[in-house]
Amino acid sequence: MPFMKGRAPIRRTLNYLNAGKLVLKDKIKIFSVAYNISGANNNGAKEFVFWYLPQIQYKNPDVQVATLKNLTPSPFIKCYFDDGRKILVDIDNKSKDDILEHLINTVGKSKEVLEAEAIAAEKKDNPANFGVGCERPCICEVYGQIPCPGVVPLPKFMRGKYKNPAN
Amino acid sequence: MISQQSLLKRTWPMVVQCAEAHRKPRWVPVAKSKIYRIPKRPEVSEEERLELLRINNNYKTQMRAIRRFFHEEMIKEKSTKDSASSEMSLRLEAQEWERCVELNEKWNAQVALEREERRKQELIKMEEYALERMEAKDKELEERIKKASEQIRKQKEIAATFITPETLDAAIEHALANPVDYNFAIDLQGNQFLGRDTPIPQKNLDKKPPSV
């Protein structure tokens, strides 16, 4: 897509996509929204699809997000779990924010879980970290850093023995 | 020799120790003075050999037993821990699932209630609309009937003056008796003079010559 083209191009910006609040539970594999394009009771579902579906798909890349348009008498959201369970949410005549709030409470991960996962991910993901539990135990393993003096002696100008000959 | 690059790329810190300060490099061959020296095989007596074998066997058996004991203990501990944690997580998950389902049921019931309410309202509105339309239709029909009956009444009134075969002769006679002449003349002032043979008053003509 070209930059700043189409309806509400803010939906395609990275900041907007990252601001999505709904992170689905790991067991959810399919997230489907069924709604009609006409009727006042479908407005909330329509706006939900328009504004929040990009965020949901961005935040849950391993989940299949499907929309079923004009195939239902009243709008609903259905989530399929990996063990065959389903959860059906009726979104008739509800605003998009109400729907999102309810989904976060039922099928989304709670705030504490998300925070714990973020901390765990940060430790592993950040290549700048080193030490116990990280990818590398010592900064000396990074190319361009000074090797540990136990392995390769430091250059002479850094060693007290040569720097301070008086001692 | 260990290259600098391999040292930098290693994954674990390494401790380099030298067994001796000075050792003959690997590539240096056997010294000339030792080239034909054959070391004597160690002589072990039969009793000593058997004794050593016994001791070694004992040692190996005991070590194997200890190792196996620790290994089995570890496996047991791990399995108990795993089952406990998995049970715990399963229970937590089931609880979470129940909570979500309950919340969702509540929400769905609420939405269903609202929808029923809305549907009722819509039905009432639809009925009202239909009634209104029916009434309007009825009114229009009535109006049309009224208009038609009015027209019929008028036509009936006029029908008395129609010319029929019986009154044809009288009508012809009446027409012949009262001829109508639609011819007319018009002068510059816009005065109309009805009739073909109507004489034109001369006073206008009299006035004209002096002005010319």
# chains A, B, ... in the order shown; residues from 1 in each chain; ligands from 1
$ select_by_dssp --residues "range 22-201 of chain B" --states "strand (DSSP E or B)" --output "MDAnalysis selection string"
chainID B and resid 184:186 192:194
$ interface_residues --of "chain A" --to "chain B" --cutoff "8 Å" --atoms "only C-alpha atoms" --output "ChimeraX atom specification"
/A:87-93,105-107,136-137,140-143,147,150-151
$ atom_distance --atom1 "CA of Leu114 in chain A" --atom2 "CA of Asp82 in chain B"
23.8 Å
$ residues_around --residues "range 39-51 of chain A" --least-positions-apart "5" --cutoff "12 Å" --atoms "only C-alpha atoms" --output "mmCIF file with N, CA and C atoms, in the first residue's frame"
data_model
loop_
_atom_site.group_PDB
_atom_site.id
_atom_site.type_symbol
_atom_site.label_atom_id
_atom_site.label_comp_id
_atom_site.auth_asym_id
_atom_site.auth_seq_id
_atom_site.Cartn_x
_atom_site.Cartn_y
_atom_site.Cartn_z
ATOM 1 N N ARG A 7 -8.711 4.806 3.131
ATOM 2 C CA ARG A 7 -9.432 5.269 4.328
ATOM 3 C C ARG A 7 -8.578 5.034 5.560
ATOM 4 N N ALA A 8 -8.492 6.074 6.389
ATOM 5 C CA ALA A 8 -7.794 5.980 7.682
ATOM 6 C C ALA A 8 -6.454 5.259 7.565
ATOM 7 N N PRO A 9 -5.494 5.838 6.863
ATOM 8 C CA PRO A 9 -4.207 5.148 6.700
ATOM 9 C C PRO A 9 -3.429 5.005 7.994
ATOM 10 N N ILE A 10 -3.918 5.658 9.063
ATOM 11 C CA ILE A 10 -3.242 5.504 10.351
ATOM 12 C C ILE A 10 -3.284 4.047 10.796
ATOM 13 N N ARG A 11 -4.278 3.293 10.294
ATOM 14 C CA ARG A 11 -4.381 1.892 10.694
ATOM 15 C C ARG A 11 -3.170 1.084 10.263
ATOM 16 N N ARG A 12 -2.426 1.594 9.281
ATOM 17 C CA ARG A 12 -1.284 0.836 8.790
ATOM 18 C C ARG A 12 0.040 1.289 9.397
ATOM 19 N N TYR A 16 0.373 2.543 15.528
ATOM 20 C CA TYR A 16 -1.018 2.152 15.761
ATOM 21 C C TYR A 16 -1.124 0.651 15.963
ATOM 22 N N LEU A 17 -0.432 -0.106 15.098
ATOM 23 C CA LEU A 17 -0.525 -1.570 15.193
ATOM 24 C C LEU A 17 0.050 -2.060 16.512
ATOM 25 N N ALA A 19 0.027 -0.514 19.254
ATOM 26 C CA ALA A 19 -0.784 -0.069 20.391
ATOM 27 C C ALA A 19 -1.963 -0.991 20.655
ATOM 28 N N GLY A 20 -2.117 -2.053 19.862
ATOM 29 C CA GLY A 20 -3.235 -2.973 20.060
ATOM 30 C C GLY A 20 -3.208 -3.583 21.458
ATOM 31 N N PHE A 31 -9.880 -16.773 15.000
ATOM 32 C CA PHE A 31 -10.707 -15.684 15.539
ATOM 33 C C PHE A 31 -11.577 -15.191 14.395
ATOM 34 N N SER A 32 -12.895 -15.451 14.474
ATOM 35 C CA SER A 32 -13.739 -15.073 13.340
ATOM 36 C C SER A 32 -14.805 -14.073 13.773
ATOM 37 N N VAL A 33 -15.045 -13.104 12.907
ATOM 38 C CA VAL A 33 -16.057 -12.080 13.155
ATOM 39 C C VAL A 33 -17.101 -12.183 12.048
ATOM 40 N N ALA A 34 -18.366 -12.321 12.433
ATOM 41 C CA ALA A 34 -19.439 -12.349 11.443
ATOM 42 C C ALA A 34 -20.306 -11.117 11.661
ATOM 43 N N ILE A 56 -5.331 -6.575 15.971
ATOM 44 C CA ILE A 56 -5.419 -7.952 16.480
ATOM 45 C C ILE A 56 -4.555 -8.879 15.643
ATOM 46 N N GLN A 57 -4.646 -8.713 14.322
ATOM 47 C CA GLN A 57 -3.847 -9.590 13.461
ATOM 48 C C GLN A 57 -2.354 -9.334 13.655
ATOM 49 N N VAL A 65 -7.332 -14.880 11.440
ATOM 50 C CA VAL A 65 -8.405 -13.918 11.702
ATOM 51 C C VAL A 65 -9.299 -13.876 10.469
ATOM 52 N N ALA A 66 -10.563 -14.275 10.641
ATOM 53 C CA ALA A 66 -11.470 -14.358 9.498
ATOM 54 C C ALA A 66 -12.650 -13.429 9.717
ATOM 55 N N THR A 67 -13.176 -12.865 8.621
ATOM 56 C CA THR A 67 -14.414 -12.093 8.704
ATOM 57 C C THR A 67 -15.449 -12.733 7.783
ATOM 58 N N LEU A 68 -16.674 -12.826 8.280
ATOM 59 C CA LEU A 68 -17.771 -13.390 7.491
ATOM 60 C C LEU A 68 -18.799 -12.282 7.315
ATOM 61 N N LYS A 69 -18.868 -11.780 6.097
ATOM 62 C CA LYS A 69 -19.709 -10.610 5.859
ATOM 63 C C LYS A 69 -21.038 -11.039 5.274
ATOM 64 N N ASN A 70 -22.133 -10.482 5.790
ATOM 65 C CA ASN A 70 -23.481 -10.704 5.240
ATOM 66 C C ASN A 70 -23.866 -12.179 5.191
ATOM 67 N N THR A 72 -25.003 -13.694 8.281
ATOM 68 C CA THR A 72 -25.567 -13.964 9.590
ATOM 69 C C THR A 72 -26.719 -13.017 9.877
ATOM 70 N N PRO A 73 -27.720 -13.476 10.618
ATOM 71 C CA PRO A 73 -28.809 -12.561 10.985
ATOM 72 C C PRO A 73 -28.381 -11.507 12.005
ATOM 73 N N SER A 74 -27.490 -11.900 12.949
ATOM 74 C CA SER A 74 -27.011 -10.904 13.918
ATOM 75 C C SER A 74 -25.514 -11.109 14.115
ATOM 76 N N PRO A 75 -24.781 -10.022 14.379
ATOM 77 C CA PRO A 75 -23.314 -10.121 14.409
ATOM 78 C C PRO A 75 -22.811 -10.878 15.640
ATOM 79 N N PHE A 76 -21.717 -11.628 15.458
ATOM 80 C CA PHE A 76 -21.096 -12.339 16.587
ATOM 81 C C PHE A 76 -19.621 -12.581 16.296
ATOM 82 N N ILE A 77 -18.880 -12.897 17.382
ATOM 83 C CA ILE A 77 -17.464 -13.255 17.268
ATOM 84 C C ILE A 77 -17.322 -14.673 17.794
ATOM 85 N N VAL A 89 -19.240 -14.971 21.208
ATOM 86 C CA VAL A 89 -19.536 -13.682 21.827
ATOM 87 C C VAL A 89 -20.543 -12.952 20.946
ATOM 88 N N ASP A 90 -21.686 -12.641 21.536
ATOM 89 C CA ASP A 90 -22.716 -11.901 20.803
ATOM 90 C C ASP A 90 -22.368 -10.417 20.855
ATOM 91 N N ILE A 91 -22.269 -9.759 19.698
ATOM 92 C CA ILE A 91 -21.878 -8.343 19.712
ATOM 93 C C ILE A 91 -22.962 -7.486 19.076
ATOM 94 N N ASP A 92 -24.207 -7.938 19.249
ATOM 95 C CA ASP A 92 -25.327 -7.225 18.658
ATOM 96 C C ASP A 92 -25.503 -5.870 19.336
ATOM 97 N N ASN A 93 -25.504 -4.813 18.528
ATOM 98 C CA ASN A 93 -25.817 -3.471 19.025
ATOM 99 C C ASN A 93 -24.849 -2.998 20.105
ATOM 100 N N LYS A 94 -23.571 -3.420 20.035
ATOM 101 C CA LYS A 94 -22.574 -2.980 21.020
ATOM 102 C C LYS A 94 -21.547 -2.100 20.326
ATOM 103 N N SER A 95 -20.988 -1.148 21.085
ATOM 104 C CA SER A 95 -19.983 -0.277 20.473
ATOM 105 C C SER A 95 -18.641 -1.013 20.402
ATOM 106 N N LYS A 96 -17.759 -0.505 19.555
ATOM 107 C CA LYS A 96 -16.502 -1.214 19.305
ATOM 108 C C LYS A 96 -15.631 -1.272 20.554
ATOM 109 N N ASP A 97 -15.701 -0.249 21.383
ATOM 110 C CA ASP A 97 -14.880 -0.250 22.596
ATOM 111 C C ASP A 97 -15.397 -1.251 23.625
ATOM 112 N N ASP A 98 -16.739 -1.352 23.712
ATOM 113 C CA ASP A 98 -17.332 -2.350 24.609
ATOM 114 C C ASP A 98 -16.890 -3.745 24.214
ATOM 115 N N ILE A 99 -16.948 -3.989 22.901
ATOM 116 C CA ILE A 99 -16.584 -5.315 22.395
ATOM 117 C C ILE A 99 -15.130 -5.623 22.745
ATOM 118 N N LEU A 100 -14.245 -4.644 22.495
ATOM 119 C CA LEU A 100 -12.808 -4.884 22.749
ATOM 120 C C LEU A 100 -12.567 -5.145 24.238
ATOM 121 N N GLU A 101 -13.228 -4.364 25.070
ATOM 122 C CA GLU A 101 -13.046 -4.526 26.523
ATOM 123 C C GLU A 101 -13.464 -5.941 26.952
ATOM 124 N N LEU A 103 -13.654 -8.618 25.087
ATOM 125 C CA LEU A 103 -12.759 -9.641 24.526
ATOM 126 C C LEU A 103 -11.472 -9.728 25.328
ATOM 127 N N VAL B 111 -26.912 -9.210 26.143
ATOM 128 C CA VAL B 111 -27.096 -8.780 24.750
ATOM 129 C C VAL B 111 -28.393 -9.333 24.196
ATOM 130 N N GLU B 114 -31.262 -7.292 25.462
ATOM 131 C CA GLU B 114 -31.350 -5.998 24.772
ATOM 132 C C GLU B 114 -31.888 -6.159 23.363
ATOM 133 N N ARG B 115 -31.446 -7.244 22.722
ATOM 134 C CA ARG B 115 -31.883 -7.454 21.348
ATOM 135 C C ARG B 115 -33.387 -7.702 21.301
ATOM 136 N N ARG B 118 -35.134 -4.532 21.658
ATOM 137 C CA ARG B 118 -35.015 -3.735 20.433
ATOM 138 C C ARG B 118 -35.952 -4.277 19.353
ATOM 139 N N ARG B 119 -35.992 -5.622 19.240
ATOM 140 C CA ARG B 119 -36.834 -6.226 18.218
ATOM 141 C C ARG B 119 -38.299 -5.875 18.458
ATOM 142 N N GLU B 122 -38.879 -2.400 17.358
ATOM 143 C CA GLU B 122 -38.882 -2.320 15.900
ATOM 144 C C GLU B 122 -40.194 -2.835 15.330
#
